[in-house]
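Source file: work31.tsv (TSV, N, CA, C and O atoms)
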```
chain	number	residue	atom	x	y	z
A	27	MET	N	-14.97	-53.69	22.67
A	27	MET	CA	-14.34	-52.47	23.08
A	27	MET	C	-13.20	-52.75	24.05
A	27	MET	O	-12.19	-52.08	24.02
A	28	GLY	N	-13.39	-53.68	24.91
A	28	GLY	CA	-12.28	-54.08	25.76
A	28	GLY	C	-12.29	-53.44	27.14
A	28	GLY	O	-13.18	-52.69	27.50
A	29	GLU	N	-11.27	-53.75	27.85
A	29	GLU	CA	-11.09	-53.29	29.23
A	29	GLU	C	-10.63	-51.83	29.28
A	29	GLU	O	-9.84	-51.39	28.46
A	30	VAL	N	-11.16	-51.07	30.22
A	30	VAL	CA	-10.73	-49.68	30.42
A	30	VAL	C	-9.38	-49.70	31.10
A	30	VAL	O	-9.19	-50.42	32.09
A	31	PRO	N	-8.40	-48.94	30.59
A	31	PRO	CA	-7.09	-48.92	31.24
A	31	PRO	C	-7.18	-48.53	32.71
A	31	PRO	O	-8.01	-47.71	33.10
A	32	THR	N	-6.34	-49.11	33.51
A	32	THR	CA	-6.35	-48.87	34.95
A	32	THR	C	-6.20	-47.39	35.27
A	32	THR	O	-6.84	-46.88	36.18
A	33	SER	N	-5.38	-46.67	34.55
A	33	SER	CA	-5.16	-45.25	34.84
A	33	SER	C	-6.45	-44.45	34.63
A	33	SER	O	-6.74	-43.54	35.39
A	34	VAL	N	-7.25	-44.80	33.62
A	34	VAL	CA	-8.53	-44.13	33.38
A	34	VAL	C	-9.49	-44.48	34.51
A	34	VAL	O	-10.18	-43.61	35.05
A	35	ARG	N	-9.53	-45.74	34.86
A	35	ARG	CA	-10.41	-46.19	35.95
A	35	ARG	C	-10.03	-45.48	37.26
A	35	ARG	O	-10.90	-45.02	37.99
A	36	ALA	N	-8.75	-45.38	37.53
A	36	ALA	CA	-8.28	-44.71	38.75
A	36	ALA	C	-8.64	-43.23	38.73
A	36	ALA	O	-9.04	-42.67	39.75
A	37	ALA	N	-8.52	-42.60	37.58
A	37	ALA	CA	-8.86	-41.18	37.46
A	37	ALA	C	-10.35	-40.95	37.70
A	37	ALA	O	-10.73	-40.00	38.39
A	38	ARG	N	-11.18	-41.82	37.16
A	38	ARG	CA	-12.63	-41.71	37.39
A	38	ARG	C	-12.96	-41.92	38.86
A	38	ARG	O	-13.80	-41.22	39.41
A	39	ALA	N	-12.31	-42.87	39.48
A	39	ALA	CA	-12.55	-43.13	40.91
A	39	ALA	C	-12.14	-41.94	41.76
A	39	ALA	O	-12.84	-41.57	42.71
A	40	GLU	N	-11.03	-41.31	41.43
A	40	GLU	CA	-10.56	-40.14	42.18
A	40	GLU	C	-11.52	-38.96	42.00
A	40	GLU	O	-11.83	-38.26	42.95
A	41	LEU	N	-12.00	-38.75	40.78
A	41	LEU	CA	-12.96	-37.68	40.54
A	41	LEU	C	-14.24	-37.92	41.34
A	41	LEU	O	-14.77	-37.00	41.97
A	42	ALA	N	-14.73	-39.15	41.35
A	42	ALA	CA	-15.92	-39.48	42.12
A	42	ALA	C	-15.68	-39.25	43.61
A	42	ALA	O	-16.53	-38.69	44.30
A	43	ALA	N	-14.52	-39.63	44.11
A	43	ALA	CA	-14.20	-39.44	45.54
A	43	ALA	C	-14.15	-37.96	45.89
A	43	ALA	O	-14.68	-37.55	46.94
A	44	ARG	N	-13.56	-37.14	45.04
A	44	ARG	CA	-13.52	-35.69	45.29
A	44	ARG	C	-14.93	-35.09	45.28
A	44	ARG	O	-15.25	-34.22	46.09
A	45	SER	N	-15.76	-35.56	44.38
A	45	SER	CA	-17.13	-35.06	44.30
A	45	SER	C	-17.92	-35.40	45.56
A	45	SER	O	-18.67	-34.59	46.07
A	46	VAL	N	-17.73	-36.61	46.05
A	46	VAL	CA	-18.41	-37.02	47.28
A	46	VAL	C	-17.93	-36.16	48.45
A	46	VAL	O	-18.74	-35.69	49.26
A	47	ARG	N	-16.63	-35.91	48.53
A	47	ARG	CA	-16.11	-35.07	49.63
A	47	ARG	C	-16.66	-33.65	49.56
A	47	ARG	O	-16.86	-33.00	50.59
A	48	ALA	N	-16.92	-33.14	48.38
A	48	ALA	CA	-17.43	-31.78	48.21
A	48	ALA	C	-18.90	-31.64	48.61
A	48	ALA	O	-19.38	-30.52	48.81
A	49	LEU	N	-19.60	-32.75	48.76
A	49	LEU	CA	-21.02	-32.69	49.10
A	49	LEU	C	-21.27	-31.96	50.42
A	49	LEU	O	-22.24	-31.21	50.54
A	50	GLU	N	-20.44	-32.20	51.41
A	50	GLU	CA	-20.63	-31.57	52.72
A	50	GLU	C	-20.75	-30.06	52.58
A	50	GLU	O	-21.64	-29.45	53.16
A	51	GLN	N	-19.88	-29.47	51.81
A	51	GLN	CA	-19.91	-28.02	51.61
A	51	GLN	C	-21.11	-27.59	50.76
A	51	GLN	O	-21.80	-26.64	51.10
A	52	ARG	N	-21.36	-28.30	49.70
A	52	ARG	CA	-22.44	-27.90	48.79
A	52	ARG	C	-23.81	-28.01	49.45
A	52	ARG	O	-24.70	-27.23	49.15
A	53	LEU	N	-23.97	-28.99	50.31
A	53	LEU	CA	-25.26	-29.20	50.97
A	53	LEU	C	-25.29	-28.63	52.39
A	53	LEU	O	-26.29	-28.79	53.09
A	54	GLU	N	-24.21	-27.99	52.78
A	54	GLU	CA	-24.09	-27.42	54.12
A	54	GLU	C	-24.41	-28.45	55.20
A	54	GLU	O	-25.02	-28.16	56.22
A	55	GLY	N	-24.02	-29.69	54.93
A	55	GLY	CA	-24.19	-30.77	55.90
A	55	GLY	C	-25.62	-31.29	56.04
A	55	GLY	O	-25.88	-32.14	56.87
A	56	GLN	N	-26.54	-30.77	55.25
A	56	GLN	CA	-27.94	-31.18	55.35
A	56	GLN	C	-28.33	-32.08	54.18
A	56	GLN	O	-27.89	-31.88	53.06
A	57	HIS	N	-29.16	-33.05	54.47
A	57	HIS	CA	-29.66	-34.00	53.46
A	57	HIS	C	-28.51	-34.68	52.73
A	57	HIS	O	-28.47	-34.75	51.50
A	58	MET	N	-27.58	-35.17	53.53
A	58	MET	CA	-26.41	-35.88	53.01
A	58	MET	C	-26.78	-37.33	52.69
A	58	MET	O	-27.67	-37.90	53.34
A	59	PRO	N	-26.08	-37.94	51.74
A	59	PRO	CA	-26.37	-39.34	51.42
A	59	PRO	C	-25.75	-40.29	52.44
A	59	PRO	O	-24.67	-40.06	52.95
A	60	SER	N	-26.49	-41.34	52.72
A	60	SER	CA	-25.98	-42.45	53.52
A	60	SER	C	-25.51	-43.49	52.51
A	60	SER	O	-26.31	-44.02	51.73
A	61	ARG	N	-24.23	-43.74	52.52
A	61	ARG	CA	-23.65	-44.65	51.55
A	61	ARG	C	-23.33	-45.98	52.22
A	61	ARG	O	-23.10	-46.01	53.39
A	62	PRO	N	-23.39	-47.05	51.50
A	62	PRO	CA	-23.42	-47.21	50.05
A	62	PRO	C	-24.82	-47.29	49.44
A	62	PRO	O	-24.95	-47.42	48.23
A	63	ALA	N	-25.87	-47.17	50.23
A	63	ALA	CA	-27.23	-47.28	49.67
A	63	ALA	C	-27.69	-45.99	49.00
A	63	ALA	O	-28.66	-46.01	48.25
A	64	TRP	N	-27.00	-44.89	49.25
A	64	TRP	CA	-27.36	-43.59	48.70
A	64	TRP	C	-28.81	-43.24	49.03
A	64	TRP	O	-29.62	-42.96	48.16
A	65	THR	N	-29.12	-43.29	50.32
A	65	THR	CA	-30.40	-42.81	50.82
A	65	THR	C	-30.12	-41.55	51.63
A	65	THR	O	-28.99	-41.30	52.04
A	66	CYS	N	-31.15	-40.75	51.88
A	66	CYS	CA	-30.96	-39.49	52.59
A	66	CYS	C	-30.90	-39.73	54.09
A	66	CYS	O	-31.76	-40.40	54.66
A	67	LYS	N	-29.89	-39.15	54.74
A	67	LYS	CA	-29.74	-39.29	56.19
A	67	LYS	C	-30.80	-38.49	56.95
A	67	LYS	O	-31.12	-38.82	58.08
A	68	ALA	N	-31.33	-37.42	56.35
A	68	ALA	CA	-32.27	-36.55	57.05
A	68	ALA	C	-33.73	-36.93	56.82
A	68	ALA	O	-34.56	-36.71	57.69
A	69	CYS	N	-34.03	-37.47	55.66
A	69	CYS	CA	-35.41	-37.85	55.34
A	69	CYS	C	-35.70	-39.25	55.87
A	69	CYS	O	-34.89	-39.84	56.56
A	70	ASP	N	-36.83	-39.77	55.50
A	70	ASP	CA	-37.17	-41.16	55.81
A	70	ASP	C	-36.02	-42.04	55.35
A	70	ASP	O	-35.44	-41.81	54.28
A	71	PRO	N	-35.65	-43.05	56.13
A	71	PRO	CA	-34.48	-43.88	55.80
A	71	PRO	C	-34.51	-44.52	54.41
A	71	PRO	O	-33.47	-44.90	53.88
A	72	ASN	N	-35.68	-44.65	53.82
A	72	ASN	CA	-35.77	-45.27	52.49
A	72	ASN	C	-35.84	-44.26	51.36
A	72	ASN	O	-36.03	-44.65	50.22
A	73	THR	N	-35.68	-42.97	51.66
A	73	THR	CA	-35.76	-41.95	50.63
A	73	THR	C	-34.47	-41.96	49.81
A	73	THR	O	-33.39	-41.73	50.34
A	74	PRO	N	-34.59	-42.22	48.51
A	74	PRO	CA	-33.39	-42.21	47.66
A	74	PRO	C	-32.75	-40.82	47.63
A	74	PRO	O	-33.45	-39.81	47.60
A	75	TRP	N	-31.43	-40.81	47.63
A	75	TRP	CA	-30.70	-39.56	47.49
A	75	TRP	C	-30.33	-39.39	46.03
A	75	TRP	O	-29.97	-40.37	45.38
A	76	PRO	N	-30.40	-38.21	45.45
A	76	PRO	CA	-30.71	-36.94	46.07
A	76	PRO	C	-32.21	-36.75	46.27
A	76	PRO	O	-33.00	-36.87	45.34
A	77	CYS	N	-32.58	-36.47	47.51
A	77	CYS	CA	-33.97	-36.19	47.86
A	77	CYS	C	-34.33	-34.79	47.36
A	77	CYS	O	-33.46	-34.05	46.88
A	78	GLN	N	-35.58	-34.42	47.47
A	78	GLN	CA	-36.00	-33.11	46.96
A	78	GLN	C	-35.26	-31.96	47.65
A	78	GLN	O	-34.79	-31.04	46.96
A	79	PRO	N	-35.11	-31.96	48.99
A	79	PRO	CA	-34.35	-30.87	49.61
A	79	PRO	C	-32.89	-30.81	49.13
A	79	PRO	O	-32.34	-29.72	48.94
A	80	ALA	N	-32.26	-31.95	48.91
A	80	ALA	CA	-30.88	-31.96	48.41
A	80	ALA	C	-30.84	-31.40	46.99
A	80	ALA	O	-29.94	-30.63	46.64
A	81	ARG	N	-31.82	-31.76	46.18
A	81	ARG	CA	-31.88	-31.23	44.81
A	81	ARG	C	-32.01	-29.71	44.83
A	81	ARG	O	-31.34	-29.01	44.08
A	82	GLU	N	-32.87	-29.21	45.72
A	82	GLU	CA	-33.06	-27.76	45.81
A	82	GLU	C	-31.77	-27.06	46.24
A	82	GLU	O	-31.40	-26.02	45.70
A	83	ARG	N	-31.06	-27.64	47.21
A	83	ARG	CA	-29.80	-27.05	47.65
A	83	ARG	C	-28.74	-27.07	46.54
A	83	ARG	O	-27.97	-26.13	46.39
A	84	LEU	N	-28.71	-28.16	45.80
A	84	LEU	CA	-27.75	-28.25	44.70
A	84	LEU	C	-28.07	-27.23	43.60
A	84	LEU	O	-27.17	-26.60	43.05
A	85	ILE	N	-29.34	-27.05	43.31
A	85	ILE	CA	-29.74	-26.04	42.33
A	85	ILE	C	-29.32	-24.65	42.81
A	85	ILE	O	-28.80	-23.84	42.04
A	86	GLU	N	-29.52	-24.38	44.10
A	86	GLU	CA	-29.09	-23.09	44.67
A	86	GLU	C	-27.56	-22.93	44.54
A	86	GLU	O	-27.07	-21.86	44.21
A	87	ALA	N	-26.84	-24.00	44.82
A	87	ALA	CA	-25.37	-23.93	44.78
A	87	ALA	C	-24.86	-23.67	43.36
A	87	ALA	O	-23.87	-22.98	43.18
A	88	TYR	N	-25.53	-24.22	42.35
A	88	TYR	CA	-25.07	-24.09	40.97
A	88	TYR	C	-25.77	-22.98	40.20
A	88	TYR	O	-25.35	-22.64	39.09
A	89	GLY	N	-26.83	-22.43	40.76
A	89	GLY	CA	-27.55	-21.35	40.09
A	89	GLY	C	-28.05	-21.78	38.73
A	89	GLY	O	-28.62	-22.86	38.58
A	90	GLU	N	-27.82	-20.96	37.74
A	90	GLU	CA	-28.31	-21.22	36.38
A	90	GLU	C	-27.43	-22.20	35.61
A	90	GLU	O	-27.76	-22.59	34.50
A	91	ASN	N	-26.31	-22.60	36.18
A	91	ASN	CA	-25.36	-23.45	35.47
A	91	ASN	C	-25.74	-24.93	35.59
A	91	ASN	O	-25.11	-25.70	36.31
A	92	ARG	N	-26.78	-25.32	34.86
A	92	ARG	CA	-27.27	-26.70	34.91
A	92	ARG	C	-26.28	-27.70	34.31
A	92	ARG	O	-26.26	-28.85	34.71
A	93	ILE	N	-25.46	-27.25	33.38
A	93	ILE	CA	-24.48	-28.16	32.79
A	93	ILE	C	-23.46	-28.59	33.84
A	93	ILE	O	-23.17	-29.77	33.98
A	94	SER	N	-22.95	-27.63	34.61
A	94	SER	CA	-22.00	-27.98	35.68
A	94	SER	C	-22.66	-28.84	36.73
A	94	SER	O	-22.04	-29.79	37.24
A	95	LEU	N	-23.91	-28.55	37.06
A	95	LEU	CA	-24.64	-29.37	38.03
A	95	LEU	C	-24.76	-30.80	37.50
A	95	LEU	O	-24.50	-31.76	38.23
A	96	SER	N	-25.11	-30.95	36.24
A	96	SER	CA	-25.24	-32.28	35.63
A	96	SER	C	-23.91	-33.03	35.66
A	96	SER	O	-23.86	-34.22	35.95
A	97	MET	N	-22.83	-32.31	35.35
A	97	MET	CA	-21.51	-32.95	35.35
A	97	MET	C	-21.11	-33.36	36.76
A	97	MET	O	-20.55	-34.44	36.96
A	98	TYR	N	-21.40	-32.52	37.74
A	98	TYR	CA	-21.09	-32.85	39.13
A	98	TYR	C	-21.86	-34.10	39.55
A	98	TYR	O	-21.30	-35.04	40.12
A	99	LEU	N	-23.16	-34.13	39.26
A	99	LEU	CA	-23.97	-35.28	39.65
A	99	LEU	C	-23.57	-36.54	38.88
A	99	LEU	O	-23.67	-37.65	39.41
A	100	ALA	N	-23.08	-36.38	37.66
A	100	ALA	CA	-22.58	-37.54	36.91
A	100	ALA	C	-21.37	-38.15	37.60
A	100	ALA	O	-21.19	-39.37	37.61
A	101	SER	N	-20.54	-37.31	38.22
A	101	SER	CA	-19.39	-37.86	38.95
A	101	SER	C	-19.86	-38.59	40.20
A	101	SER	O	-19.29	-39.61	40.58
A	102	LEU	N	-20.93	-38.10	40.83
A	102	LEU	CA	-21.50	-38.83	41.97
A	102	LEU	C	-22.14	-40.13	41.50
A	102	LEU	O	-22.09	-41.15	42.20
A	103	LEU	N	-22.74	-40.09	40.33
A	103	LEU	CA	-23.33	-41.29	39.74
A	103	LEU	C	-22.26	-42.38	39.58
A	103	LEU	O	-22.52	-43.55	39.84
A	104	THR	N	-21.07	-41.98	39.21
A	104	THR	CA	-19.96	-42.94	39.07
A	104	THR	C	-19.72	-43.67	40.38
A	104	THR	O	-19.55	-44.89	40.40
A	105	ALA	N	-19.71	-42.92	41.48
A	105	ALA	CA	-19.52	-43.56	42.79
A	105	ALA	C	-20.69	-44.47	43.12
A	105	ALA	O	-20.50	-45.59	43.62
A	106	ALA	N	-21.90	-44.03	42.84
A	106	ALA	CA	-23.09	-44.84	43.14
A	106	ALA	C	-23.11	-46.12	42.32
A	106	ALA	O	-23.52	-47.18	42.82
A	107	LEU	N	-22.66	-46.06	41.07
A	107	LEU	CA	-22.62	-47.26	40.23
A	107	LEU	C	-21.72	-48.33	40.84
A	107	LEU	O	-22.05	-49.52	40.80
A	108	VAL	N	-20.61	-47.91	41.42
A	108	VAL	CA	-19.68	-48.84	42.05
A	108	VAL	C	-20.28	-49.40	43.34
A	108	VAL	O	-20.19	-50.59	43.62
A	109	GLU	N	-20.94	-48.53	44.11
A	109	GLU	CA	-21.44	-48.93	45.42
A	109	GLU	C	-22.78	-49.67	45.36
A	109	GLU	O	-23.16	-50.33	46.32
A	110	MET	N	-23.49	-49.55	44.24
A	110	MET	CA	-24.79	-50.22	44.09
A	110	MET	C	-24.82	-51.00	42.78
A	110	MET	O	-25.60	-50.71	41.88
A	111	PRO	N	-23.96	-52.02	42.67
A	111	PRO	CA	-23.83	-52.73	41.39
A	111	PRO	C	-25.09	-53.46	40.93
A	111	PRO	O	-25.24	-53.74	39.74
A	112	LYS	N	-26.02	-53.74	41.83
A	112	LYS	CA	-27.23	-54.47	41.44
A	112	LYS	C	-28.34	-53.54	40.96
A	112	LYS	O	-29.34	-54.01	40.42
A	113	THR	N	-28.17	-52.25	41.15
A	113	THR	CA	-29.17	-51.28	40.70
A	113	THR	C	-28.92	-50.98	39.23
A	113	THR	O	-27.79	-50.69	38.83
A	114	PRO	N	-29.96	-51.05	38.40
A	114	PRO	CA	-29.77	-50.78	36.97
A	114	PRO	C	-29.20	-49.37	36.74
A	114	PRO	O	-29.67	-48.40	37.33
A	115	PRO	N	-28.18	-49.26	35.90
A	115	PRO	CA	-27.58	-47.96	35.62
A	115	PRO	C	-28.59	-46.91	35.15
A	115	PRO	O	-28.49	-45.75	35.52
A	116	ALA	N	-29.56	-47.31	34.35
A	116	ALA	CA	-30.57	-46.34	33.87
A	116	ALA	C	-31.37	-45.77	35.03
A	116	ALA	O	-31.69	-44.58	35.03
A	117	GLU	N	-31.66	-46.58	36.02
A	117	GLU	CA	-32.39	-46.11	37.21
A	117	GLU	C	-31.54	-45.10	37.98
A	117	GLU	O	-32.05	-44.06	38.42
A	118	LEU	N	-30.27	-45.37	38.12
A	118	LEU	CA	-29.39	-44.44	38.82
A	118	LEU	C	-29.22	-43.15	38.02
A	118	LEU	O	-29.16	-42.07	38.61
A	119	HIS	N	-29.15	-43.25	36.72
A	119	HIS	CA	-29.05	-42.05	35.89
A	119	HIS	C	-30.29	-41.16	36.10
A	119	HIS	O	-30.16	-39.94	36.25
A	120	GLU	N	-31.46	-41.75	36.11
A	120	GLU	CA	-32.68	-40.99	36.35
A	120	GLU	C	-32.62	-40.29	37.71
A	120	GLU	O	-32.98	-39.13	37.83
A	121	ARG	N	-32.15	-41.00	38.69
A	121	ARG	CA	-32.08	-40.49	40.05
A	121	ARG	C	-31.07	-39.36	40.21
A	121	ARG	O	-31.34	-38.36	40.86
A	122	PHE	N	-29.90	-39.54	39.64
A	122	PHE	CA	-28.81	-38.61	39.86
A	122	PHE	C	-28.74	-37.46	38.86
A	122	PHE	O	-28.39	-36.34	39.24
A	123	VAL	N	-29.01	-37.71	37.60
A	123	VAL	CA	-28.72	-36.74	36.56
A	123	VAL	C	-29.94	-36.23	35.81
A	123	VAL	O	-30.06	-35.01	35.56
A	124	ALA	N	-30.85	-37.10	35.45
A	124	ALA	CA	-31.94	-36.74	34.53
A	124	ALA	C	-32.79	-35.57	35.04
A	124	ALA	O	-33.25	-34.76	34.24
A	125	TRP	N	-32.95	-35.43	36.32
A	125	TRP	CA	-33.80	-34.36	36.88
A	125	TRP	C	-33.21	-32.96	36.67
A	125	TRP	O	-33.92	-31.97	36.81
A	126	THR	N	-31.95	-32.87	36.30
A	126	THR	CA	-31.32	-31.56	36.16
A	126	THR	C	-31.69	-30.86	34.85
A	126	THR	O	-31.39	-29.68	34.70
A	127	ARG	N	-32.34	-31.54	33.95
A	127	ARG	CA	-32.69	-30.94	32.65
A	127	ARG	C	-33.64	-29.79	32.81
A	127	ARG	O	-34.42	-29.64	33.64
```
For the file at hand, write its structure as structure tokens.
Amino acid sequence: MGEVPTSVRAARAELAARSVRALEQRLEGQHMPSRPAWTCKACDPNTPWPCQPARERLIEAYGENRISLSMYLASLLTAALVEMPKTPPAELHERFVAWTR
């Protein structure tokens, strides 16, 4: 398949950065991720983010629109994949996106 063009890679990185910046508003500053490990700042230091309270707040923010929630979390997944290269992508997908079904 080959290398992803730089412009596509840059666009994905920008989308992920915007999504991360939007977290403060969506979570009202509570249960924010500690990066690059993506653990919850409010819960036990080893609690993977999104923790249960963060998930509940995100569900409240998106209401019935689970597709938009999934797409938003997929953009955060993109950032997490870059910041946690040793974590299997399938594990991160379960953590970030799969629970929204």
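With distances restricted to only C-alpha atoms, A:His119 is the closest residue to A:Leu107 from A:His119, A:Gln78, A:Gly89, A:Leu95.
Remark: for A:Asn91, the closest of the candidate residues A:Pro76, A:Thr126, A:Pro59, A:Ala105 is A:Thr126 (distances computed over only N, CA, C and O atoms).
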| request: Would you list, as number ranges by chain, the residues of chain A that end up in helix (DSSP H, G or I) under DSSP run on this structure's backbone? | output: A: 32-52, 78-88, 92-109, 115-122, 124-126
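The space between atom CA of A:Arg44 and atom CA of A:Arg92 spans 19.4 Å.
Going from atom CA of A:Glu90 to atom CA of A:Arg61 covers 28.3 Å.
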| Coordinates-based distance that separates atom CA of A:Met97 from atom C of A:Leu49 (Å, one decimal) | 15.1 Å
| said: Would you pick out the contacts of A:Cys66 at 7 Å or less, using all atoms listed in the file, so that residues sharing its chain but fewer than 4 positions from it are not included, and give the list as JSON, numbers by chain? | reply: {"A": [57, 58, 59, 60, 70, 71, 72, 73, 74, 75, 76, 77]}
| Closest to A:Ala63 among A:Leu118, A:Ala124, A:Leu84, A:Ala106, using only C-alpha atoms? | A:Ala106
Kindly provide the residues of stretch 30-58 of chain A that approach stretch 99-104 of chain A to within 7 Å, each paired with its closest atom pair and their distance in Å to one decimal, based on all atoms listed in the file, listed by chain and increasing number, as JSON lines.
```
{"residue": "A:Arg38", "atom": "O", "partner": "A:Ser101", "partner_atom": "O", "distance": 5.8}
{"residue": "A:Leu41", "atom": "C", "partner": "A:Ser101", "partner_atom": "O", "distance": 5.4}
{"residue": "A:Ala42", "atom": "CA", "partner": "A:Ser101", "partner_atom": "O", "distance": 3.7}
{"residue": "A:Ala43", "atom": "N", "partner": "A:Ser101", "partner_atom": "O", "distance": 5.9}
{"residue": "A:Ser45", "atom": "CA", "partner": "A:Leu102", "partner_atom": "N", "distance": 6.0}
{"residue": "A:Val46", "atom": "N", "partner": "A:Leu102", "partner_atom": "CA", "distance": 6.0}
```
With N, CA, C and O atoms retained, could you export that selection as an mmCIF file, in the coordinates of the input?
```
data_model
loop_
_atom_site.group_PDB
_atom_site.id
_atom_site.type_symbol
_atom_site.label_atom_id
_atom_site.label_comp_id
_atom_site.auth_asym_id
_atom_site.auth_seq_id
_atom_site.Cartn_x
_atom_site.Cartn_y
_atom_site.Cartn_z
ATOM 1 N N ARG A 38 -11.180 -41.820 37.160
ATOM 2 C CA ARG A 38 -12.630 -41.710 37.390
ATOM 3 C C ARG A 38 -12.960 -41.920 38.860
ATOM 4 O O ARG A 38 -13.800 -41.220 39.410
ATOM 5 N N LEU A 41 -12.000 -38.750 40.780
ATOM 6 C CA LEU A 41 -12.960 -37.680 40.540
ATOM 7 C C LEU A 41 -14.240 -37.920 41.340
ATOM 8 O O LEU A 41 -14.770 -37.000 41.970
ATOM 9 N N ALA A 42 -14.730 -39.150 41.350
ATOM 10 C CA ALA A 42 -15.920 -39.480 42.120
ATOM 11 C C ALA A 42 -15.680 -39.250 43.610
ATOM 12 O O ALA A 42 -16.530 -38.690 44.300
ATOM 13 N N ALA A 43 -14.520 -39.630 44.110
ATOM 14 C CA ALA A 43 -14.200 -39.440 45.540
ATOM 15 C C ALA A 43 -14.150 -37.960 45.890
ATOM 16 O O ALA A 43 -14.680 -37.550 46.940
ATOM 17 N N SER A 45 -15.760 -35.560 44.380
ATOM 18 C CA SER A 45 -17.130 -35.060 44.300
ATOM 19 C C SER A 45 -17.920 -35.400 45.560
ATOM 20 O O SER A 45 -18.670 -34.590 46.070
ATOM 21 N N VAL A 46 -17.730 -36.610 46.050
ATOM 22 C CA VAL A 46 -18.410 -37.020 47.280
ATOM 23 C C VAL A 46 -17.930 -36.160 48.450
ATOM 24 O O VAL A 46 -18.740 -35.690 49.260
#
```
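Across chain A, DSSP run on the backbone finds strand (DSSP E) at Pro59, Ser60, Thr65 and Cys66 of chain A.
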| For A:Val108, which residue out of A:Ala39, A:Arg127, A:Arg47, A:Arg81 is the nearest one, using only C-alpha atoms? | A:Ala39
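Shortest atom-to-atom contact with A:Arg52 among A:Ala87, A:Val34, A:Ala68, A:Glu40: A:Ala87, counting all atoms listed in the file.
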